[in-house]
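> What follows is model_13.cif, made up of mmCIF, C-alpha atoms:
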data_my_file
#
loop_
_atom_site.label_atom_id
_atom_site.label_comp_id
_atom_site.auth_asym_id
_atom_site.auth_seq_id
_atom_site.Cartn_x
_atom_site.Cartn_y
_atom_site.Cartn_z
CA MET A 2 135.63 30.13 15.15
CA THR A 3 134.17 26.62 15.30
CA LEU A 4 131.99 25.35 18.14
CA GLU A 5 134.88 23.16 19.34
CA GLU A 6 137.18 26.18 19.47
CA ILE A 7 134.59 28.20 21.40
CA GLU A 8 134.21 25.42 23.97
CA ALA A 9 137.98 25.11 24.32
CA LYS A 10 138.30 28.88 24.84
CA LYS A 11 135.55 28.76 27.50
CA ALA A 12 137.40 26.00 29.36
CA GLU A 13 140.57 28.09 29.27
CA LEU A 14 138.67 31.11 30.68
CA ARG A 15 137.18 29.04 33.52
CA SER A 16 140.68 27.92 34.51
CA LYS A 17 141.94 31.51 34.51
CA ILE A 18 138.97 32.69 36.59
CA ASN A 19 139.69 30.08 39.27
CA ASP A 20 143.28 31.35 39.52
CA ALA A 21 142.40 35.07 39.43
CA LYS A 22 144.22 37.18 42.03
CA SER A 23 142.45 40.53 41.69
CA GLU A 24 139.15 42.14 40.71
CA GLU A 25 140.79 43.81 37.70
CA GLU A 26 141.83 40.43 36.33
CA LEU A 27 138.33 39.06 36.91
CA GLU A 28 136.77 42.02 35.09
CA GLU A 29 138.99 41.45 32.04
CA LEU A 30 138.09 37.74 31.94
CA ARG A 31 134.39 38.64 32.22
CA LYS A 32 134.67 40.89 29.19
CA GLN A 33 136.37 38.11 27.24
CA ALA A 34 133.55 35.72 28.22
CA GLU A 35 130.91 38.18 26.99
CA GLU A 36 132.70 38.56 23.65
CA LEU A 37 132.99 34.79 23.38
CA ASN A 38 129.25 34.37 23.93
CA LYS A 39 128.61 36.65 20.95
CA GLU A 40 130.62 34.33 18.72
CA VAL A 41 128.53 32.16 16.38
CA PRO A 42 130.07 28.88 15.24
CA THR A 43 131.23 29.12 11.57
CA GLU A 44 129.05 26.20 10.62
CA GLU A 45 125.96 28.15 11.69
CA LYS A 46 126.85 31.45 9.94
CA LYS A 47 125.13 30.30 6.76
CA ASP A 48 121.70 31.25 8.02
CA GLY A 49 122.92 33.49 10.90
CA THR A 50 121.23 31.41 13.64
CA ILE A 51 122.18 28.88 16.32
CA THR A 52 120.08 26.22 17.94
CA HIS A 53 118.03 26.95 21.09
CA ASP A 54 120.09 24.43 23.11
CA GLU A 55 123.32 26.18 22.17
CA GLU A 56 121.82 29.58 23.03
CA ARG A 57 120.73 28.35 26.49
CA ALA A 58 124.18 26.83 27.07
CA LEU A 59 125.87 30.15 26.25
CA ILE A 60 123.54 32.07 28.62
CA ALA A 61 124.16 29.52 31.41
CA ASP A 62 127.91 29.85 30.93
CA THR A 63 127.67 33.64 31.31
CA GLU A 64 125.60 33.29 34.51
CA ASN A 65 128.07 30.78 35.93
CA LEU A 66 130.95 33.14 35.19
CA GLU A 67 129.13 35.99 36.98
CA LYS A 68 128.47 33.81 40.05
CA ARG A 69 132.09 32.70 40.10
CA LYS A 70 133.19 36.35 39.89
CA VAL A 71 131.14 37.16 43.00
CA GLU A 72 132.60 34.16 44.85
CA ILE A 73 136.17 35.08 43.93
CA THR A 74 135.58 38.72 44.95
CA ASN A 75 134.34 37.60 48.38
CA ILE A 76 137.34 35.31 48.84
CA ILE A 77 139.75 38.11 47.94
CA ALA A 78 138.01 40.52 50.36
CA LYS A 79 138.24 37.95 53.15
CA ARG A 80 141.96 37.48 52.47
CA GLU A 81 142.46 41.23 52.73
CA GLU A 82 140.59 41.33 56.07
CA GLU A 83 142.79 38.56 57.45
CA LYS A 84 145.90 40.56 56.56
CA VAL A 85 144.75 43.44 58.80
CA GLU A 86 145.78 42.76 62.39
CA LYS A 87 143.22 43.56 65.07
CA LYS A 88 144.52 46.44 67.17
CA PHE A 89 144.39 45.94 70.93
CA THR A 90 144.94 48.91 73.22
CA ARG A 91 144.84 49.55 76.93
CA ALA A 92 141.34 50.95 76.41
CA ASN A 93 139.80 48.05 74.51
CA VAL A 94 141.71 44.86 75.28
CA LEU A 95 139.88 43.93 78.49
CA LYS A 96 136.56 44.34 76.66
CA SER A 97 137.48 42.06 73.76
CA GLN A 98 136.15 38.56 73.16
CA GLU A 99 139.70 37.46 72.28
CA TYR A 100 141.00 38.40 75.73
CA ARG A 101 138.01 36.77 77.41
CA THR A 102 138.82 33.37 75.90
CA ALA A 103 142.60 33.85 76.23
CA TRP A 104 142.17 34.66 79.93
CA ALA A 105 140.21 31.46 80.52
CA LYS A 106 142.64 29.31 78.51
CA ARG A 107 145.60 30.77 80.42
CA LEU A 108 143.99 29.95 83.76
CA MET A 109 143.21 26.45 82.51
CA CYS A 110 146.88 25.96 81.58
CA LYS A 111 146.09 25.33 77.92
CA SER A 112 149.09 24.70 75.67
CA GLU A 113 150.47 27.41 73.39
CA ASP A 114 149.07 25.84 70.23
CA GLU A 115 145.51 26.09 71.61
CA PHE A 116 145.63 29.91 71.45
CA THR A 117 144.72 31.80 68.28
CA GLU A 118 147.01 34.59 67.13
CA ASP A 119 144.44 37.20 68.18
CA GLU A 120 144.17 35.62 71.64
CA LYS A 121 147.97 35.69 72.03
CA ARG A 122 148.11 39.37 71.11
CA ALA A 123 145.21 40.24 73.43
CA LEU A 124 146.86 38.42 76.32
CA ASP A 125 150.18 40.10 75.70
CA VAL A 126 148.61 43.58 75.53
CA ALA A 127 146.60 42.95 78.70
CA LEU A 128 149.73 41.99 80.61
CA THR A 129 151.85 44.88 79.39
CA THR A 130 149.27 47.70 79.54
CA THR A 131 148.42 46.94 83.18
CA ALA A 132 152.08 47.00 84.26
CA THR A 133 151.45 50.28 86.09
CA THR A 134 149.24 48.51 88.61
CA TYR A 135 151.27 45.39 89.25
CA VAL A 136 154.74 43.97 88.73
CA ALA A 137 155.22 42.86 85.12
CA PRO A 138 154.94 39.08 84.67
CA SER A 139 157.91 36.88 83.90
CA SER A 140 158.12 33.55 82.09
CA GLY A 141 157.49 31.71 85.33
CA ALA A 142 154.87 33.91 86.98
CA ASP A 143 151.86 36.01 86.17
CA GLY A 144 152.98 38.92 88.30
CA VAL A 145 152.44 40.16 91.86
CA ASN A 146 150.77 42.96 93.84
CA ASN A 147 147.43 43.56 92.12
CA GLY A 148 148.07 40.29 90.60
CA GLY A 149 148.05 38.10 87.69
CA LEU A 150 145.54 38.16 84.92
CA PHE A 151 142.92 40.86 85.06
CA ILE A 152 139.43 39.51 84.72
CA PRO A 153 137.93 40.54 81.35
CA GLU A 154 135.53 43.46 81.66
CA THR A 155 132.60 41.35 80.46
CA VAL A 156 133.30 38.70 83.11
CA SER A 157 133.66 41.36 85.81
CA GLN A 158 130.26 42.81 84.84
CA GLU A 159 128.70 39.34 84.89
CA ILE A 160 130.05 38.76 88.41
CA LEU A 161 128.64 42.10 89.61
CA LYS A 162 125.28 41.39 87.97
CA GLU A 163 125.12 38.02 89.72
CA VAL A 164 125.73 39.75 93.05
CA GLU A 165 123.16 42.44 92.26
CA LEU A 166 120.48 39.83 91.57
CA GLU A 167 120.47 39.13 95.30
CA SER A 168 120.52 42.74 96.50
CA PRO A 169 118.20 45.36 94.96
CA PHE A 170 119.97 48.13 96.87
CA LEU A 171 123.40 47.19 95.51
CA ARG A 172 121.88 47.10 92.02
CA ASP A 173 120.56 50.66 92.45
CA VAL A 174 123.71 52.12 94.03
CA ALA A 175 125.61 54.76 92.02
CA LYS A 176 128.80 52.91 91.06
CA THR A 177 131.89 54.49 89.51
CA TYR A 178 135.19 53.03 88.32
CA ILE A 179 137.68 55.87 88.87
CA ARG A 180 141.21 54.78 89.79
CA GLY A 181 142.63 56.68 92.75
CA LEU A 182 139.31 58.23 93.86
CA LEU A 183 139.46 58.67 97.64
CA SER A 184 136.86 61.38 98.19
CA PHE A 185 133.67 62.52 96.51
CA PRO A 186 132.35 66.11 96.73
CA TYR A 187 128.64 66.62 97.28
CA LYS A 188 126.34 69.59 97.83
CA LYS A 189 125.42 69.79 101.50
CA SER A 190 122.98 72.71 101.18
CA SER A 191 121.88 75.27 98.61
CA SER A 192 120.04 78.56 98.52
CA GLY A 193 118.12 77.21 95.54
CA ALA A 194 116.49 79.04 92.64
CA GLU A 195 114.28 82.12 93.00
CA TRP A 196 111.83 84.24 90.99
CA VAL A 197 113.33 87.43 89.60
CA THR A 198 112.09 90.63 87.97
CA GLU A 199 113.03 91.26 84.37
CA GLY A 200 116.10 93.46 84.08
CA THR A 201 117.46 92.66 87.56
CA ASP A 202 120.51 90.56 88.36
CA ASN A 203 120.31 87.13 89.92
CA LYS A 204 121.57 86.84 93.47
CA LEU A 205 124.73 84.81 93.85
CA GLU A 206 123.86 81.28 94.86
CA SER A 207 125.03 80.26 98.30
CA ASP A 208 126.04 76.57 98.29
CA GLU A 209 127.74 74.55 100.98
CA TRP A 210 129.87 71.66 99.77
CA ASP A 211 131.36 68.74 101.64
CA ASN A 212 133.37 65.61 100.81
CA LEU A 213 132.72 61.94 101.30
CA THR A 214 135.92 60.13 102.23
CA PHE A 215 136.09 56.59 100.93
CA VAL A 216 137.61 53.88 103.08
CA GLN A 217 139.27 51.54 100.61
CA MET A 218 138.14 47.99 101.22
CA GLU A 219 140.29 45.15 99.93
CA LEU A 220 137.85 42.41 99.02
CA SER A 221 139.55 39.10 98.36
CA LYS A 222 138.17 35.56 98.03
CA THR A 223 139.88 32.29 97.14
CA ILE A 224 138.18 29.55 95.14
CA ARG A 225 139.59 26.03 94.91
CA ILE A 226 139.09 24.12 91.65
CA THR A 227 140.18 20.56 91.00
CA TRP A 228 142.24 19.66 87.96
CA LYS A 229 139.40 17.48 86.78
CA LEU A 230 137.06 20.49 86.62
CA GLU A 231 139.55 22.38 84.48
CA ALA A 232 139.01 19.89 81.68
CA MET A 233 135.67 21.59 80.91
CA ALA A 234 135.04 23.77 77.85
CA VAL A 235 136.24 27.39 77.91
CA GLU A 236 132.77 28.98 78.19
CA ASP A 237 131.71 26.44 80.82
CA PHE A 238 134.84 27.29 82.80
CA ILE A 239 134.08 31.03 82.58
CA ASN A 240 130.49 30.47 83.75
CA TYR A 241 131.77 28.35 86.64
CA ILE A 242 134.23 31.07 87.71
CA VAL A 243 131.50 33.73 87.50
CA GLY A 244 129.20 31.64 89.67
CA GLU A 245 131.83 30.84 92.28
CA VAL A 246 133.35 34.33 92.58
CA SER A 247 129.95 36.01 92.77
CA ARG A 248 128.82 33.52 95.41
CA GLU A 249 131.89 34.26 97.53
CA MET A 250 131.70 38.05 97.08
CA ARG A 251 127.95 38.34 97.43
CA GLU A 252 127.61 38.46 101.19
CA ASN A 253 130.40 40.99 101.80
CA LEU A 254 129.73 43.32 98.89
CA ALA A 255 125.95 43.41 99.40
CA ASP A 256 125.96 43.56 103.19
CA LYS A 257 128.45 46.39 103.76
CA PRO A 258 126.50 49.29 102.18
CA PHE A 259 124.05 48.69 105.05
CA TYR A 260 126.21 47.55 107.95
CA GLY A 261 129.84 48.42 107.09
CA THR A 262 131.76 49.81 110.06
CA GLY A 263 134.05 52.09 108.04
CA VAL A 264 137.08 50.38 109.61
CA LYS A 265 138.94 48.26 107.02
CA GLU A 266 135.65 48.10 105.13
CA ILE A 267 133.24 50.46 103.42
CA ALA A 268 130.97 52.67 105.53
CA GLY A 269 127.35 51.58 105.88
CA ILE A 270 124.14 53.57 106.10
CA THR A 271 123.36 52.27 109.59
CA LEU A 272 126.64 53.70 110.94
CA GLU A 273 125.93 56.45 113.46
CA GLY A 274 125.96 59.88 111.82
CA ASN A 275 125.26 58.49 108.35
CA ASN A 276 121.46 58.26 108.62
CA ILE A 277 118.25 59.74 109.93
CA ASP A 278 117.28 57.44 112.75
CA ALA A 279 113.75 56.00 112.80
CA GLU A 280 113.85 53.59 115.72
CA TYR A 281 110.49 52.07 116.65
CA GLU A 282 109.14 49.87 119.42
CA SER A 283 108.60 46.16 118.84
CA THR A 284 104.86 46.61 119.39
CA VAL A 285 104.54 48.97 116.41
CA ASN A 286 103.43 47.24 113.21
CA ALA A 287 105.58 47.42 110.07
CA LEU A 288 103.36 49.85 108.14
CA ASP A 289 103.16 52.34 111.01
CA ALA A 290 106.94 52.20 111.40
CA ILE A 291 107.40 52.92 107.68
CA LYS A 292 104.88 55.77 107.86
CA ALA A 293 106.87 57.39 110.66
CA GLY A 294 110.08 56.88 108.69
CA LEU A 295 108.68 58.51 105.55
CA ALA A 296 107.75 61.60 107.58
CA LYS A 297 111.42 62.01 108.55
CA LEU A 298 112.80 61.86 105.00
CA PRO A 299 113.81 65.41 103.90
CA LYS A 300 111.78 66.77 100.98
CA ARG A 301 114.91 67.30 98.87
CA LYS A 302 115.75 63.61 99.24
CA ARG A 303 112.33 62.21 98.32
CA ALA A 304 112.78 62.25 94.53
CA GLY A 305 113.48 58.72 93.34
CA ALA A 306 113.35 57.33 96.87
CA LYS A 307 112.47 53.69 97.50
CA ILE A 308 111.65 51.67 100.57
CA TYR A 309 114.10 48.82 101.05
CA MET A 310 112.80 46.44 103.69
CA SER A 311 113.91 43.18 105.26
CA GLU A 312 112.19 39.93 104.38
CA SER A 313 110.71 39.73 107.90
CA MET A 314 108.96 43.09 107.44
CA ALA A 315 107.62 42.05 104.04
CA LEU A 316 106.18 38.91 105.62
CA ASP A 317 104.61 40.88 108.46
CA ILE A 318 102.87 43.22 105.98
CA SER A 319 101.70 40.33 103.79
CA PHE A 320 100.10 38.55 106.76
CA MET A 321 98.64 41.59 108.55
CA LYS A 322 95.03 41.16 109.78
CA ASP A 323 92.27 43.56 110.76
CA SER A 324 90.43 43.52 114.07
CA ASN A 325 88.20 40.72 112.78
CA GLY A 326 91.15 38.48 111.92
CA THR A 327 90.80 38.94 108.16
CA TYR A 328 93.97 39.31 106.12
CA LEU A 329 94.42 42.85 104.81
CA ASN A 330 96.43 41.49 101.90
CA ASN A 331 95.50 38.02 100.68
CA PRO A 332 98.76 36.07 101.10
CA VAL A 333 97.48 33.17 98.97
CA ASN A 334 98.12 33.87 95.27
CA GLY A 335 98.21 37.51 96.22
CA VAL A 336 99.98 40.34 94.43
CA ALA A 337 103.57 41.01 95.50
CA LEU A 338 104.30 44.03 97.68
CA ASP A 339 105.19 46.66 95.07
CA SER A 340 104.65 50.00 96.78
CA VAL A 341 103.69 51.74 100.01
CA ALA A 342 102.26 55.26 99.88
CA ARG A 343 103.41 55.67 96.24
CA TYR A 344 107.01 54.76 97.14
CA PRO A 345 108.34 51.66 95.34
CA VAL A 346 109.23 48.76 97.62
CA GLU A 347 112.21 46.41 97.28
CA VAL A 348 112.79 43.46 99.59
CA ASP A 349 116.52 43.12 100.28
CA PRO A 350 117.63 39.83 101.89
CA PHE A 351 120.74 41.50 103.33
CA LEU A 352 118.75 43.73 105.68
CA LYS A 353 118.41 42.34 109.20
CA ASP A 354 115.00 41.37 110.59
CA GLY A 355 112.89 44.43 111.36
CA ASP A 356 115.18 46.84 109.48
CA PHE A 357 114.24 49.13 106.60
CA ILE A 358 115.98 51.87 104.63
CA ILE A 359 114.18 54.73 102.85
CA GLY A 360 115.99 56.83 100.27
CA ASN A 361 117.33 57.15 96.74
CA ALA A 362 120.21 54.67 96.30
CA ARG A 363 122.14 57.17 94.16
CA TRP A 364 122.99 58.96 97.42
CA TYR A 365 125.22 56.02 98.27
CA LYS A 366 128.52 56.40 96.40
CA MET A 367 130.54 53.29 95.58
CA ASN A 368 133.79 53.43 93.63
CA PHE A 369 135.84 50.49 92.41
CA ASN A 370 139.35 51.86 92.85
CA GLU A 371 141.02 48.67 91.64
CA GLY A 372 139.37 46.43 89.08
CA ILE A 373 138.72 42.80 89.86
CA SER A 374 141.77 40.64 89.23
CA VAL A 375 142.58 36.98 89.80
CA THR A 376 145.75 35.05 90.56
CA LYS A 377 146.30 31.31 90.38
CA ASP A 378 148.24 29.02 92.74
CA VAL A 379 148.90 25.44 91.63
CA ILE A 380 148.91 22.83 94.41
CA GLY A 381 150.18 19.68 92.74
CA ARG A 382 150.03 17.30 95.68
CA SER A 383 146.30 17.95 96.06
CA ARG A 384 145.63 18.17 92.30
CA VAL A 385 143.84 21.48 92.79
CA ASN A 386 144.34 25.11 91.81
CA ASP A 387 143.46 28.07 94.01
CA TYR A 388 142.02 31.12 92.27
CA THR A 389 142.15 34.30 94.38
CA GLY A 390 139.87 37.12 93.30
CA TYR A 391 140.74 40.63 94.49
CA CYS A 392 139.44 44.16 94.18
CA VAL A 393 139.63 47.49 96.03
CA VAL A 394 136.30 49.24 96.56
CA GLY A 395 135.31 52.30 98.55
CA GLY A 396 131.84 53.39 99.55
CA ALA A 397 129.90 55.73 101.79
CA PRO A 398 126.43 57.31 101.98
CA VAL A 399 125.85 61.05 101.70
CA PRO A 400 124.93 61.93 105.33
CA ASN A 401 121.26 62.44 106.17
CA SER A 402 120.09 61.05 102.85
CA PHE A 403 118.60 57.81 104.18
CA VAL A 404 116.11 57.00 106.90
CA TYR A 405 117.15 53.94 108.90
CA GLY A 406 114.28 52.14 110.58
CA HIS A 407 114.99 49.46 113.17
CA VAL A 408 113.41 47.90 116.23
CA GLU A 409 114.28 49.53 119.54
CA GLU A 410 117.00 47.60 121.33
CA SER A 411 115.86 45.99 124.56
CA VAL A 412 117.65 47.14 127.70
#
Could you show the structure in this file as structure tokens?


Amino acid sequence: MTLEEIEAKKAELRSKINDAKSEEELEELRKQAEELNKEVPTEEKKDGTITHDEERALIADTENLEKRKVEITNIIAKREEEKVEKKFTRANVLKSQEYRTAWAKRLMCKSEDEFTEDEKRALDVALTTTATTYVAPSSGADGVNNGGLFIPETVSQEILKEVELESPFLRDVAKTYIRGLLSFPYKKSSSGAEWVTEGTDNKLESDEWDNLTFVQMELSKTIRITWKLEAMAVEDFINYIVGEVSREMRENLADKPFYGTGVKEIAGITLEGNNIDAEYESTVNALDAIKAGLAKLPKRKRAGAKIYMSESMALDISFMKDSNGTYLNNPVNGVALDSVARYPVEVDPFLKDGDFIIGNARWYKMNFNEGISVTKDVIGRSRVNDYTGYCVVGGAPVPNSFVYGHVEESV
């Protein structure tokens, strides 16, 4: 075969490689290329050698064919991946990135052609799999009752984290997400463990159990957004919603574990019968009040306990002076108040002036019975949309698990 014929054959192989549809076809073409590279032009067979330039060209051609094979293989693999539809289920759809963006686009009234196929499927699955908790949506509405489009799980967590940033106690609370949970069993007392002699039977443990009954609190807030704001990017819109919803929910969700009345709202620690009272006179300094409170905390409840105090108490401790008028803790560039008598300290802005709570936050049980959802009302004449966030949450402290310190009420 002449040099011209070899070059023509190589060109033909390159064309076939570009049009290859499978790895088997590519492998066959590669073998043909290797055989072709072994060919020596007939003009050169007289002495059995070829020039160095021709040898380098043949080697380069082989390398190029190998690189092209890798590229084609990757392209074919990607095509195969695209053919496999992503499966969305009731369990995973609200966690998916596709639903997160689809949810935002739907609220922003984006047109149909602005949704990817995966986003459309995620949105459809989210609407149909949650039909047990609200009326199925129609072409003209997103549904009623528990309403509309469920907030993606990632967005819901971001909202809760934003709220928790303000309240250390809410951050530490034992939260569950069990639908339909109305009561929570807890061990009221126990006979405990005991030392035994080898070969003897253990005594039957004597435990007393009780139940916490959750008052289901419907927490709902409405946010008004102008049409102009909805022109923002999808992620910017999500961040805006997170900021606004968390701002609206913050005060109610963080305040009630302390001061909830238990009537149409969750039960708070300060509610009579829910705490160990540690009232103190206004003349008693903050550290002495906390010392008296710590003495009242049951030994079984001391593991993992923290001192949650109001900002006013933290200020009083920071600026306390001795009998000579010298600050006990240098308030200028001083170290933050981290602990008192080995118990970690958290300053919670939702505690009232002079109040403190001592205990392990896991003894406060909070359950989100209904996940956070959002509905949208369009008000054309005002060129605004109202977004109403909604959730059902229950909560209550295990009785006698927290010491509640507060200033004695004046008569």

> Can you list, as a list in words, every protein, DNA or RNA residue that comes within 6 Å of Gly269 in chain A when you count all atoms listed in the file, leaving out same-chain residues fewer than 6 positions away?

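So the residues in contact are Lys257, Pro258, Phe259, Tyr260 and Gly261 of chain A.
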
> Would you work out the distance separating CA of Ala304 in chain A from CA of Thr271 in chain A, expressed in Å to one decimal?

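We find that CA of Ala304 in chain A and CA of Thr271 in chain A lie 20.9 Å from each other.
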
> Applying 10 Å and only C-alpha atoms, which residues near Arg172 in chain A remain after dropping the ones on its own chain fewer than 2 positions away? List them as a short mmCIF file (atom, residue, chain, number, x, y, z; two decimals) with C-alpha atoms, keeping the file's coordinate frame.


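Result went into out24.cif, see below:
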data_model
loop_
_atom_site.label_atom_id
_atom_site.label_comp_id
_atom_site.auth_asym_id
_atom_site.auth_seq_id
_atom_site.Cartn_x
_atom_site.Cartn_y
_atom_site.Cartn_z
CA LEU A 161 128.64 42.10 89.61
CA LYS A 162 125.28 41.39 87.97
CA GLU A 163 125.12 38.02 89.72
CA VAL A 164 125.73 39.75 93.05
CA GLU A 165 123.16 42.44 92.26
CA LEU A 166 120.48 39.83 91.57
CA GLU A 167 120.47 39.13 95.30
CA SER A 168 120.52 42.74 96.50
CA PRO A 169 118.20 45.36 94.96
CA PHE A 170 119.97 48.13 96.87
CA VAL A 174 123.71 52.12 94.03
CA ALA A 175 125.61 54.76 92.02
CA LYS A 176 128.80 52.91 91.06
CA ALA A 255 125.95 43.41 99.40
CA ALA A 362 120.21 54.67 96.30
#

> On this structure, the PyMOL selection byres ((chain A and resi 226) around 10) would catch which residues? List them as a count of residues only, sorted by chain and number.

17

> Tell me, as a ChimeraX atom specification, which residues lie within 8 Å of range 293-301 of chain A, counting only C-alpha atoms; anything in the same chain fewer than 5 positions away does not count.

/A:277,279,359-360,402-406
